[in-house]
Amino acid sequence: MIEKLEIFDKNLNKLDEINNMSFSFENFNEINSQIEKILVDLKSNEETLKISKSSQEYINIFNKILNKIDILETKILPKANLLTSFSKSKS
């Protein structure tokens with residue numbers, strides 16, 4: 001389970017890299033899809049996480065991931081909203 005969380009964390013890093021480079025919607029969608037798959041898998045293993053949630057290692061990883069998500073949301077959400085508004089204006 002920790003391995004999946006670490007992969008999730010690495011994918012968040014990739015999103016940040018995409019954001020810092022020339023933003024590529026295709027790359028963003030690819031990484032986002034990988035993140036969604038991991039989240040579905042984590043959700044399916046929710047009982048395992050509940051049993052292990054007291055583990056300090058899990059707590060540290062989750063805190064790190066939540067912090068990255070907050071930072072990425074602040075950086076990427078305005079771009080996503082801008083892309084959405086452009087796509088609506090072209091329709």
# chains A, B, ... in the order shown; residues from 1 in each chain; ligands from 1
>>> residues_around(residues="Ile18 of chain A", least_positions_apart="2", cutoff="12 Å", atoms="only C-alpha atoms", output="ChimeraX atom specification")
/A:11-16,20-32,72,75-76,79
>>> write_last_selection(atoms="N, CA and C atoms", output="tab-separated table (two decimals), in the first residue's frame")
chain	number	residue	atom	x	y	z
A	11	ASN	N	3.45	10.94	-9.04
A	11	ASN	CA	2.58	11.49	-10.08
A	11	ASN	C	2.20	12.93	-9.78
A	12	LEU	N	2.05	13.25	-8.51
A	12	LEU	CA	1.81	14.65	-8.15
A	12	LEU	C	3.02	15.51	-8.52
A	13	ASN	N	4.22	14.96	-8.32
A	13	ASN	CA	5.42	15.68	-8.73
A	13	ASN	C	5.44	15.91	-10.24
A	14	LYS	N	4.99	14.90	-11.00
A	14	LYS	CA	4.94	15.03	-12.46
A	14	LYS	C	3.95	16.13	-12.86
A	15	LEU	N	2.82	16.20	-12.16
A	15	LEU	CA	1.86	17.28	-12.45
A	15	LEU	C	2.50	18.64	-12.23
A	16	ASP	N	3.27	18.75	-11.16
A	16	ASP	CA	3.96	20.01	-10.88
A	16	ASP	C	4.96	20.33	-11.99
A	20	ASN	N	5.01	23.57	-14.47
A	20	ASN	CA	6.14	24.49	-14.55
A	20	ASN	C	6.70	24.62	-15.96
A	21	MET	N	6.47	23.60	-16.79
A	21	MET	CA	6.91	23.67	-18.18
A	21	MET	C	5.78	24.28	-19.00
A	22	SER	N	5.93	24.22	-20.28
A	22	SER	CA	4.85	24.62	-21.16
A	22	SER	C	3.70	23.65	-20.92
A	23	PHE	N	2.58	24.16	-20.42
A	23	PHE	CA	1.47	23.31	-19.99
A	23	PHE	C	0.94	22.50	-21.17
A	24	SER	N	0.92	21.19	-20.99
A	24	SER	CA	0.43	20.28	-22.02
A	24	SER	C	-0.82	19.58	-21.49
A	25	PHE	N	-1.95	19.86	-22.13
A	25	PHE	CA	-3.20	19.27	-21.68
A	25	PHE	C	-3.15	17.75	-21.82
A	26	GLU	N	-2.49	17.23	-22.87
A	26	GLU	CA	-2.38	15.79	-23.06
A	26	GLU	C	-1.59	15.13	-21.93
A	27	ASN	N	-0.46	15.72	-21.58
A	27	ASN	CA	0.35	15.19	-20.47
A	27	ASN	C	-0.42	15.27	-19.16
A	28	PHE	N	-1.12	16.38	-18.98
A	28	PHE	CA	-1.91	16.56	-17.77
A	28	PHE	C	-2.97	15.45	-17.67
A	29	ASN	N	-3.67	15.19	-18.76
A	29	ASN	CA	-4.70	14.15	-18.76
A	29	ASN	C	-4.11	12.77	-18.49
A	30	GLU	N	-2.95	12.50	-19.05
A	30	GLU	CA	-2.30	11.20	-18.84
A	30	GLU	C	-1.96	10.99	-17.37
A	31	ILE	N	-1.32	11.97	-16.76
A	31	ILE	CA	-0.94	11.87	-15.34
A	31	ILE	C	-2.20	11.83	-14.47
A	32	ASN	N	-3.18	12.65	-14.82
A	32	ASN	CA	-4.41	12.69	-14.05
A	32	ASN	C	-5.11	11.32	-14.09
A	72	LEU	N	-0.70	22.15	-5.68
A	72	LEU	CA	-1.01	21.94	-7.10
A	72	LEU	C	-2.37	22.54	-7.47
A	75	LYS	N	-1.95	26.12	-8.09
A	75	LYS	CA	-1.22	26.41	-9.33
A	75	LYS	C	-2.00	26.04	-10.59
A	76	ILE	N	-2.65	24.88	-10.58
A	76	ILE	CA	-3.23	24.33	-11.81
A	76	ILE	C	-4.68	24.73	-12.02
A	79	LYS	N	-5.41	27.53	-14.47
A	79	LYS	CA	-5.15	27.13	-15.86
A	79	LYS	C	-6.28	26.24	-16.39
>>> atom_distance(atom1="atom CA of Asp41 of chain A", atom2="atom CA of Lys4 of chain A")
8.7 Å
>>> atom_distance(atom1="atom CA of Tyr58 of chain A", atom2="atom CA of Leu77 of chain A")
27.0 Å
>>> atom_distance(atom1="atom CA of Ala80 of chain A", atom2="atom CA of Asn19 of chain A")
10.7 Å
